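Report on one structure; see the data block that follows.
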Amino acid sequence: MVSKAVSSDEDMTHFGLESPHPEAWENPPPADSYDVVIIGAGPAGLMAAYEAAKIGAQVALVERNLLGGNCLNTGCVPSKTIIRTARLYADMRNAEDFGAAAPGPIAVDFAAAMERVRRVRARIARKNSVQSLSDLGVDVFFGEASFAASDSVVVGSEALRFKKALIATGARPTIPPLGGLVAAGYLTHETVFDLTERPDRLLVIGGGPTGCELAQAFCRLGSQVTIVQDEPMFLGKEERDAAQILSDVLARDGIDIRLGTETVGVRIDGTDRLADLIQEGTHSTVVADQILIGAGQAPNVDKLNLEAARVEYDAKDGIRVDDFLQTTNPDIYAAGDVCAKRKFAHFEAASSHIVVQNALRSDRKRVSNLTVPWCTYTDPEIAHVGLYVREAREKNIPVKTFTVPMHDVHRAICDAEEDGFVKIHVREGSDRILGATVVARHAGEMINDISLAIQAGIGLKNLGHVIRPYPTQATAIQMAAAAYRNTRASTAASAGDALFRSAGLPR
Amino acid sequence: MLERLRSSDEVMLDRLQRAALGYFVEEFNPANGLIADRTRAGAPCSIAVVGFALASYPVAVERGWMARADAVARTLATLRFFWTSSQSESVDATGYKGFYYHFLDMQTGKRVWQSELSPVDTTFLLAGILTASAYFAAVAPDEVEIRDLADALYRRIDWPWMQNREAAVYQGWKPESGFLHYGWEGYSEAMLLYVLGLASPTHPLSDDSYGKWTSTYQWENLYGYDFLYAGPLFIHQFSQAWLDLHGVQDRFMREKGSDYFENSRRAAHIQRQYALRNPHEFEGYGENCWGLSAGDGPGSQTLRIKGRNRRFFGYVARGVPYGPDDGTIAPAVILASLPFAPELSLSAIRRVCERYPQIASEDRLANGFNPTLSDNGTQFWISDGYLGLDQGIIVLMIENHRSRLIWNLMRECPLIKSGLRRAGFSGGWL
């Protein structure tokens with residue numbers, strides 16, 4: 001089951017678009033000195049390049065592979081595209097639950113699904129073409145960058161001198177040191193979207209966001225999927241109830257779930273890949289055609305020669321930065337996955353804005369002031385913003401949670417999308433929103449209301465005054481606000497019924 | 001059954017309680033005092049069930065269903081076995097470091113099923129032992145021996161070892177693989193574990209253990225009720241079979257202006273609210289048919305029933321509001337809510353027994369039933385046989401409702417008082 005690899009670069013050519021790394025590209029002659037040299041053209045690097053160029057700075061952008069970074073080429077964009085196709089297949093199989101007739105036997109066209117991934121990727125990549133950057137005056141260099149000194153970077157044979165630099169080299173998949181894994185071969189999010197043939201049996205090692213998203217997507221596309229997670233639940237950082245719901249829906253989809261299970265080795269038997277597992281002393285073996293590793297991300301710091309620039313780093317946690325995203329060299333900043341504990345494209349983009357502000361302008365901004373939501377794009381999605389309850393309690397903040405199960409939300413009932421909840425955490429005795437978790441089919445959209453409220457300092461009481469169209473799933477937020485008002489105004493015993501009345505909803 | 005339904009609450013409860021007590025008489029091995037986990041042939045002993053049995057014998061004596069001498073003999077057989085059985089790292093020992101394996105061979109008392117050395121199940125065993133020690137307070141030599149053995153068994157437990165140099169108590173240990181991956185954190189049935197562990201005069205849990213246990217508590221407003229969240233209903237009941245927490249508060253409950261007794265009352269109301277909503281449209285659910293908890297189910301299978309795919313489970317911890325929910329009701333937890341919400345519990349158990357009389361053969365309640373998995377006639381899925389934990393919680397909670405016997409015995413137990421105080425409880429009877 002060796003599949004032909006189709007790279008993002010080929011996508012562009014295939015779809016008649018400019019490549020994110022044009023083959024004929026020649027690096028420009030470097031300027032004497034740049035206001036800012038940016039290493040890495042992922043979301044953080046690209047955003048910083050555009051912003052810096054727009055305010056008149058002389059900018060060099062260095063990329064060793066493809067413009068767009070992981071997010072565009074191997075991460076968010078391809079995964080969300082294939083997830084959408086997989087969701088459609090799931091809905092077709094469940095057609096009768098919607099009062100619809102299933103469209104006959106449902107045969108999955110995996111090649112078509114992957115073709116769509118490449119088409120979507122190519123379309124979105126158009127915005128980030130080399131030409132568009134050059135048109136803004138950005139000098140784009142393709143090649144491996146390494147620091148030569150605290151004020152210069154070498155790319156190939158060229159030295160780029162800078163006043164300020166931004167390291168935005170991102171991260172790469174962490175590969176667990178499993179005996180036999182390298183010999184057996186494996187996929188990561190960097191390679192899985194190159195498949196053109198569906199693996200009939202897929203083993204996913206790792207139950208974080210990437211592992212869960214792709215396990216569900218491939219299962220829905222017809223692979224027989226086993227997912228192994230060494231922790232007792234998926235998404236170790238998320239709320240227990242969210243992880244439990246996810247576990248239930250993955251099992252319902254037909255995924256073989258092995259929680260609290262360690263993968264101890266991989267073997268090859270003919271064309272089969274065999275993974276040896278152990279759970280609390282009990283051994284078992286899973287046979288697969290492909291193994292996908294979803295075991296987290298490691299920062300890309302190893303080839304940068306950071307010592308020459310006096311930039312401190314850690315191979316596991318990445319580059320050390322302060323609240324202004326300044327490294328231990330005050331002229332060098334870092335942003336995105338190379339230094340962040342939470343590795344999200346939108347956080348990369350937001351932090352690159354802070355870097356441009358702090359490096360090139362006078363009013364400095366702190367990263368700790370950002371309100372950063374995130375989402376795992378399983379079905380249902382799991383989105384979070386702000387503090388978790390355990391984090392609030394660790395800070396000795398008394399916290400109360402207003403919970404609305406999606407099965408109380410009329411639009412969710414209409415849509416047969418009742419798995420999930422909205423939980424909004426407030427400081428006990430006030431309506432100050434500390435954080436929230438939303439589990440719903442479109443949780444990634446719903447969380448934005450609450451992010452806005454936190455960022456703008458809007459309390460749960462006033463959030464309830466925002467009128468939302470009925471019926472929408474976001475009325476769950478309004479219902480949580482109504483519950484808050486009711487606990488202030490009435491006894492707990494009578495609040496349940498009042499909740500519906502005050503939300504203005506028909507029962 | 002109909003006769004019972006026409007009878008007074010007291011008579012109904014008497015019959016249900018006595019039938020439950022009968023389980024411990026029937027499933028008892030006189031050679032070692034062990035009690036089977038369930039009635040299935042070849043079932044091993046569950047040490048937690050033994051704990052419930054030990055606490056049930058005083059109830060049986062008080063109710064006139066068992067002679068005191070018989071209860072003493074049964075208790076002594078059990079305590080002598082646990083005191084003299086093998087405590088070592090061996091894979092087939094009975095216990096280690098004073099803790100016991102979750103499941104034991106009914107005849108040999110050795111570990112079976114590669115089960116874990118279980119602090120929470122040891123806790124329920126110990127709670128039964130302490131109940132016996134408190135109740136059999138006479139100067140007769142047998143009763144003195146009960147108290148001496150209880151004290152020795154308690155003092156032998158090395159609670160800090162199960163913390164493995166951390167704050168939380170681990171969920172278990174296996175000789176093959178060491179400590180399990182996770183600890184007892186967040187609200188669950190294990191509160192009594194911390195109370196008893198903190199009270200130990202020989203090997204107490206560290207001071208930070210209870211704070212760690214409560215650090216992940218979730219205080220939620222759900223269906224209009226403020227409560228300390230836990231999905232399966234048994235979580236709100238098991239520790240309180242022994243602990244009378246009415247009006248007694250730890251730091252968390254003081255902050256919230258509530259207590260665990262009130263919390264368990266609200267948990268019953270929330271279960272009823274969920275059943276009224278019945279989001280998955282299962283058969284039977286309603287105002288007087290609720291009770292999602294850990295227990296047997298129809299087995300792992302997906303069936304097409306009335307135009308819908310229905311996914312069923314085997315033994316899982318069903319919970320409210322996020323499930324898993326496959327339409328299976330656990331009647332024992334309805335009864336176990338009796339001390340907290342008698343009005344809900346009584347009307348529900350009457351209604352359930354009236355509508356589904358097959359679940360209470362000879363007045364003993366099955367572990368679970370599922371009207372959704374039905375032949376469209378009078379037959380529906382009912383779990384096979386009986387489970388010891390169900391019968392134990394029924395005996396104890398009915399008794400707490402009727403006479404407060406177990407609560408009163410434990411309120412007089414210095415260890416319980418000490419453990420509660422070390423955990424930060426104060427107020428009320430304490």
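Lettering and numbering for the structure tokens are positional, with chains as A, B, ... in the shown order, residues counted from 1 in each chain, and ligands counted from 1 in the shown order.
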
- Interface, chain A side, toward chain B (9 Å; only C-alpha atoms) as a PyMOL selection string: chain A and resi 94+96-97+230-232+241+244-245+248+252+260+279-282+389-391+393-394+398-405+407-408+413+418-421+423+425+428+480+483-484+486-487+491-499

- Give the alpha helix (DSSP H) residues of stretch 253-344 of chain B, as DSSP finds them on the backbone, and put them as a ChimeraX atom specification. /B:253-256,260-277,331-336,342-344

- Message: Give me the residues near stretch 194-204 of chain A as a PyMOL selection string, where near means some atom within 10 Å (using only C-alpha atoms) and where sequence neighbours in that chain fewer than 5 positions away do not count.
- Response: chain A and resi 1-8+74+108-115+117-118+186-189+210-212+214-215+218-219+221-229+256-257+272-275+286-295

- Query: Residues at most 10 Å from A:Ala436, counting only C-alpha atoms, excluding those fewer than 4 positions away in the same chain, as a PyMOL selection string?
  - Reply: chain A and resi 373+383-389+401-403+422-426+447+450-451+454

- Could you tell me, as a PyMOL selection string, which residues of stretch 286-506 of chain A DSSP assigns to strand (DSSP E) when given the backbone? chain A and resi 286-288+290-293+297-299+313-314+318-319+332-334+374-376+381-386+399-405+421-427+433-440

Take the selection from the previous step and output its residues with C-alpha atoms, as a PDB file, in the first residue's frame.
ATOM      1  CA  VAL A 286      -2.936  -4.228  16.122  1.00  0.00           C
ATOM      2  CA  VAL A 287      -2.433  -4.955  12.423  1.00  0.00           C
ATOM      3  CA  ALA A 288      -2.529  -1.989  10.060  1.00  0.00           C
ATOM      4  CA  GLN A 290      -0.575   2.488   7.603  1.00  0.00           C
ATOM      5  CA  ILE A 291       0.466   4.069  10.874  1.00  0.00           C
ATOM      6  CA  LEU A 292      -0.282   7.724  11.477  1.00  0.00           C
ATOM      7  CA  ILE A 293       1.617   9.518  14.209  1.00  0.00           C
ATOM      8  CA  GLN A 297       4.758  18.935  17.821  1.00  0.00           C
ATOM      9  CA  ALA A 298       8.419  19.718  18.383  1.00  0.00           C
ATOM     10  CA  PRO A 299       9.772  23.226  17.711  1.00  0.00           C
ATOM     11  CA  TYR A 313      16.005  27.738  23.603  1.00  0.00           C
ATOM     12  CA  ASP A 314      14.976  24.299  24.665  1.00  0.00           C
ATOM     13  CA  GLY A 318      11.300  25.901  21.905  1.00  0.00           C
ATOM     14  CA  ILE A 319      12.667  29.426  22.012  1.00  0.00           C
ATOM     15  CA  ILE A 332      15.366  39.017  17.945  1.00  0.00           C
ATOM     16  CA  TYR A 333      11.748  38.000  18.431  1.00  0.00           C
ATOM     17  CA  ALA A 334       9.954  34.708  18.052  1.00  0.00           C
ATOM     18  CA  TRP A 374      -8.975  27.129  20.003  1.00  0.00           C
ATOM     19  CA  CYS A 375     -10.892  24.316  18.474  1.00  0.00           C
ATOM     20  CA  THR A 376     -10.480  20.634  17.761  1.00  0.00           C
ATOM     21  CA  GLU A 381     -16.105  20.187  17.498  1.00  0.00           C
ATOM     22  CA  ILE A 382     -14.554  21.029  20.830  1.00  0.00           C
ATOM     23  CA  ALA A 383     -13.732  24.702  21.325  1.00  0.00           C
ATOM     24  CA  HIS A 384     -12.345  26.506  24.316  1.00  0.00           C
ATOM     25  CA  VAL A 385     -11.389  29.995  25.382  1.00  0.00           C
ATOM     26  CA  GLY A 386      -9.971  31.383  28.609  1.00  0.00           C
ATOM     27  CA  VAL A 399     -15.651  29.471  39.784  1.00  0.00           C
ATOM     28  CA  LYS A 400     -19.159  28.532  38.807  1.00  0.00           C
ATOM     29  CA  THR A 401     -20.131  26.984  35.513  1.00  0.00           C
ATOM     30  CA  PHE A 402     -23.353  27.551  33.630  1.00  0.00           C
ATOM     31  CA  THR A 403     -24.015  24.488  31.528  1.00  0.00           C
ATOM     32  CA  VAL A 404     -26.466  24.149  28.691  1.00  0.00           C
ATOM     33  CA  PRO A 405     -26.585  20.728  27.063  1.00  0.00           C
ATOM     34  CA  PHE A 421     -22.820  21.482  25.542  1.00  0.00           C
ATOM     35  CA  VAL A 422     -21.978  25.082  26.227  1.00  0.00           C
ATOM     36  CA  LYS A 423     -20.194  25.600  29.536  1.00  0.00           C
ATOM     37  CA  ILE A 424     -19.425  29.149  30.570  1.00  0.00           C
ATOM     38  CA  HIS A 425     -17.266  29.603  33.647  1.00  0.00           C
ATOM     39  CA  VAL A 426     -17.737  32.768  35.676  1.00  0.00           C
ATOM     40  CA  ARG A 427     -16.130  34.051  38.805  1.00  0.00           C
ATOM     41  CA  ILE A 433     -16.464  35.282  32.284  1.00  0.00           C
ATOM     42  CA  LEU A 434     -13.300  33.341  33.039  1.00  0.00           C
ATOM     43  CA  GLY A 435     -13.540  30.860  30.224  1.00  0.00           C
ATOM     44  CA  ALA A 436     -15.804  28.580  28.283  1.00  0.00           C
ATOM     45  CA  THR A 437     -15.907  25.269  26.525  1.00  0.00           C
ATOM     46  CA  VAL A 438     -18.300  24.545  23.705  1.00  0.00           C
ATOM     47  CA  VAL A 439     -18.855  21.072  22.320  1.00  0.00           C
ATOM     48  CA  ALA A 440     -21.128  21.266  19.315  1.00  0.00           C
TER      49      ALA A 440
END

- Find the distance between atom CA of B:Leu130 and atom CA of B:Arg147 and write it in Å to one decimal.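 Between atom CA of B:Leu130 and atom CA of B:Arg147 the gap is 8.3 Å.
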
- Message: Could you list, as JSON, numbers by chain, every residue within 10 Å of B:Asp121, counting only C-alpha atoms and ignoring same-chain residues fewer than 2 positions away?
- Response: {"B": [46, 47, 48, 49, 50, 51, 99, 100, 101, 102, 103, 116, 117, 118, 119, 123, 124, 125, 126, 127, 171, 172, 190, 193]}

Write out as a PDB file with N, CA and C atoms, in the first residue's frame which residues come within 12 Å of B:Phe261 when counting only C-alpha atoms, dropping same-chain ones fewer than 3 positions away.
ATOM      1  N   PHE B 227     -24.944  22.497  41.389  1.00  0.00           N
ATOM      2  CA  PHE B 227     -24.474  21.292  42.078  1.00  0.00           C
ATOM      3  C   PHE B 227     -23.050  20.952  41.689  1.00  0.00           C
ATOM      4  N   LEU B 228     -22.448  20.135  42.559  1.00  0.00           N
ATOM      5  CA  LEU B 228     -21.126  19.591  42.278  1.00  0.00           C
ATOM      6  C   LEU B 228     -21.332  18.449  41.309  1.00  0.00           C
ATOM      7  N   HIS B 236     -22.875   9.977  43.744  1.00  0.00           N
ATOM      8  CA  HIS B 236     -23.461  10.848  44.762  1.00  0.00           C
ATOM      9  C   HIS B 236     -23.959  10.062  45.974  1.00  0.00           C
ATOM     10  N   GLN B 237     -23.779   8.762  45.957  1.00  0.00           N
ATOM     11  CA  GLN B 237     -24.404   7.936  46.994  1.00  0.00           C
ATOM     12  C   GLN B 237     -23.436   7.071  47.793  1.00  0.00           C
ATOM     13  N   PHE B 238     -22.420   6.505  47.135  1.00  0.00           N
ATOM     14  CA  PHE B 238     -21.671   5.426  47.786  1.00  0.00           C
ATOM     15  C   PHE B 238     -20.964   5.866  49.070  1.00  0.00           C
ATOM     16  N   SER B 239     -20.212   6.943  49.022  1.00  0.00           N
ATOM     17  CA  SER B 239     -19.518   7.363  50.243  1.00  0.00           C
ATOM     18  C   SER B 239     -20.515   7.766  51.308  1.00  0.00           C
ATOM     19  N   GLN B 240     -21.637   8.331  50.881  1.00  0.00           N
ATOM     20  CA  GLN B 240     -22.633   8.789  51.847  1.00  0.00           C
ATOM     21  C   GLN B 240     -23.505   7.654  52.388  1.00  0.00           C
ATOM     22  N   ALA B 241     -23.280   6.457  51.944  1.00  0.00           N
ATOM     23  CA  ALA B 241     -23.917   5.330  52.623  1.00  0.00           C
ATOM     24  C   ALA B 241     -23.377   5.260  54.053  1.00  0.00           C
ATOM     25  N   TRP B 242     -22.136   5.703  54.242  1.00  0.00           N
ATOM     26  CA  TRP B 242     -21.535   5.685  55.578  1.00  0.00           C
ATOM     27  C   TRP B 242     -21.443   7.082  56.196  1.00  0.00           C
ATOM     28  N   LEU B 243     -21.171   8.074  55.350  1.00  0.00           N
ATOM     29  CA  LEU B 243     -20.931   9.423  55.868  1.00  0.00           C
ATOM     30  C   LEU B 243     -22.227  10.229  55.885  1.00  0.00           C
ATOM     31  N   ASP B 244     -22.610  10.693  57.061  1.00  0.00           N
ATOM     32  CA  ASP B 244     -23.760  11.587  57.166  1.00  0.00           C
ATOM     33  C   ASP B 244     -23.234  13.014  56.981  1.00  0.00           C
ATOM     34  N   LEU B 245     -23.434  13.549  55.808  1.00  0.00           N
ATOM     35  CA  LEU B 245     -22.848  14.855  55.489  1.00  0.00           C
ATOM     36  C   LEU B 245     -23.897  15.963  55.463  1.00  0.00           C
ATOM     37  N   HIS B 246     -25.016  15.693  56.116  1.00  0.00           N
ATOM     38  CA  HIS B 246     -26.066  16.709  56.194  1.00  0.00           C
ATOM     39  C   HIS B 246     -25.624  17.822  57.154  1.00  0.00           C
ATOM     40  N   GLY B 247     -25.460  19.011  56.623  1.00  0.00           N
ATOM     41  CA  GLY B 247     -25.075  20.148  57.463  1.00  0.00           C
ATOM     42  C   GLY B 247     -23.593  20.214  57.786  1.00  0.00           C
ATOM     43  N   VAL B 248     -22.836  19.281  57.238  1.00  0.00           N
ATOM     44  CA  VAL B 248     -21.385  19.265  57.467  1.00  0.00           C
ATOM     45  C   VAL B 248     -20.714  19.704  56.166  1.00  0.00           C
ATOM     46  N   GLN B 249     -19.781  20.627  56.294  1.00  0.00           N
ATOM     47  CA  GLN B 249     -19.215  21.211  55.062  1.00  0.00           C
ATOM     48  C   GLN B 249     -17.696  21.173  55.075  1.00  0.00           C
ATOM     49  N   MET B 253     -17.659  23.188  49.969  1.00  0.00           N
ATOM     50  CA  MET B 253     -19.096  23.355  50.182  1.00  0.00           C
ATOM     51  C   MET B 253     -19.404  24.617  50.997  1.00  0.00           C
ATOM     52  N   SER B 258     -23.463  25.095  50.401  1.00  0.00           N
ATOM     53  CA  SER B 258     -24.233  23.860  50.259  1.00  0.00           C
ATOM     54  C   SER B 258     -23.561  22.763  51.080  1.00  0.00           C
ATOM     55  N   SER B 264     -26.477  15.658  46.791  1.00  0.00           N
ATOM     56  CA  SER B 264     -27.020  14.383  46.306  1.00  0.00           C
ATOM     57  C   SER B 264     -28.518  14.495  46.044  1.00  0.00           C
ATOM     58  N   ARG B 265     -29.184  15.344  46.821  1.00  0.00           N
ATOM     59  CA  ARG B 265     -30.606  15.588  46.553  1.00  0.00           C
ATOM     60  C   ARG B 265     -30.792  16.239  45.181  1.00  0.00           C
ATOM     61  N   ARG B 266     -29.949  17.219  44.932  1.00  0.00           N
ATOM     62  CA  ARG B 266     -30.053  17.901  43.628  1.00  0.00           C
ATOM     63  C   ARG B 266     -29.678  16.955  42.488  1.00  0.00           C
ATOM     64  N   ALA B 267     -28.732  16.075  42.738  1.00  0.00           N
ATOM     65  CA  ALA B 267     -28.335  15.115  41.694  1.00  0.00           C
ATOM     66  C   ALA B 267     -29.521  14.251  41.294  1.00  0.00           C
ATOM     67  N   ALA B 268     -30.339  13.880  42.278  1.00  0.00           N
ATOM     68  CA  ALA B 268     -31.535  13.086  41.961  1.00  0.00           C
ATOM     69  C   ALA B 268     -32.511  13.915  41.119  1.00  0.00           C
ATOM     70  N   SER B 337     -31.306   6.979  46.487  1.00  0.00           N
ATOM     71  CA  SER B 337     -31.567   8.415  46.650  1.00  0.00           C
ATOM     72  C   SER B 337     -32.550   8.684  47.775  1.00  0.00           C
ATOM     73  N   LEU B 338     -33.058   7.625  48.355  1.00  0.00           N
ATOM     74  CA  LEU B 338     -34.115   7.742  49.355  1.00  0.00           C
ATOM     75  C   LEU B 338     -33.792   8.704  50.505  1.00  0.00           C
ATOM     76  N   PRO B 339     -32.612   8.626  51.107  1.00  0.00           N
ATOM     77  CA  PRO B 339     -32.355   9.542  52.229  1.00  0.00           C
ATOM     78  C   PRO B 339     -32.297  11.002  51.790  1.00  0.00           C
ATOM     79  N   PHE B 340     -31.939  11.242  50.548  1.00  0.00           N
ATOM     80  CA  PHE B 340     -31.729  12.616  50.072  1.00  0.00           C
ATOM     81  C   PHE B 340     -33.008  13.225  49.487  1.00  0.00           C
ATOM     82  N   ALA B 341     -33.730  12.426  48.751  1.00  0.00           N
ATOM     83  CA  ALA B 341     -34.919  12.943  48.053  1.00  0.00           C
ATOM     84  C   ALA B 341     -36.027  11.895  48.147  1.00  0.00           C
ATOM     85  N   GLY B 428     -22.467  21.459  61.744  1.00  0.00           N
ATOM     86  CA  GLY B 428     -23.451  20.411  61.934  1.00  0.00           C
ATOM     87  C   GLY B 428     -23.112  19.497  63.106  1.00  0.00           C
TER      88      GLY B 428
END

- Please indicate the distance in Å from atom CA of B:Asn400 to atom CA of B:Glu362, rounded to one decimal place.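 Straight-line distance from atom CA of B:Asn400 to atom CA of B:Glu362 works out to 22.7 Å.
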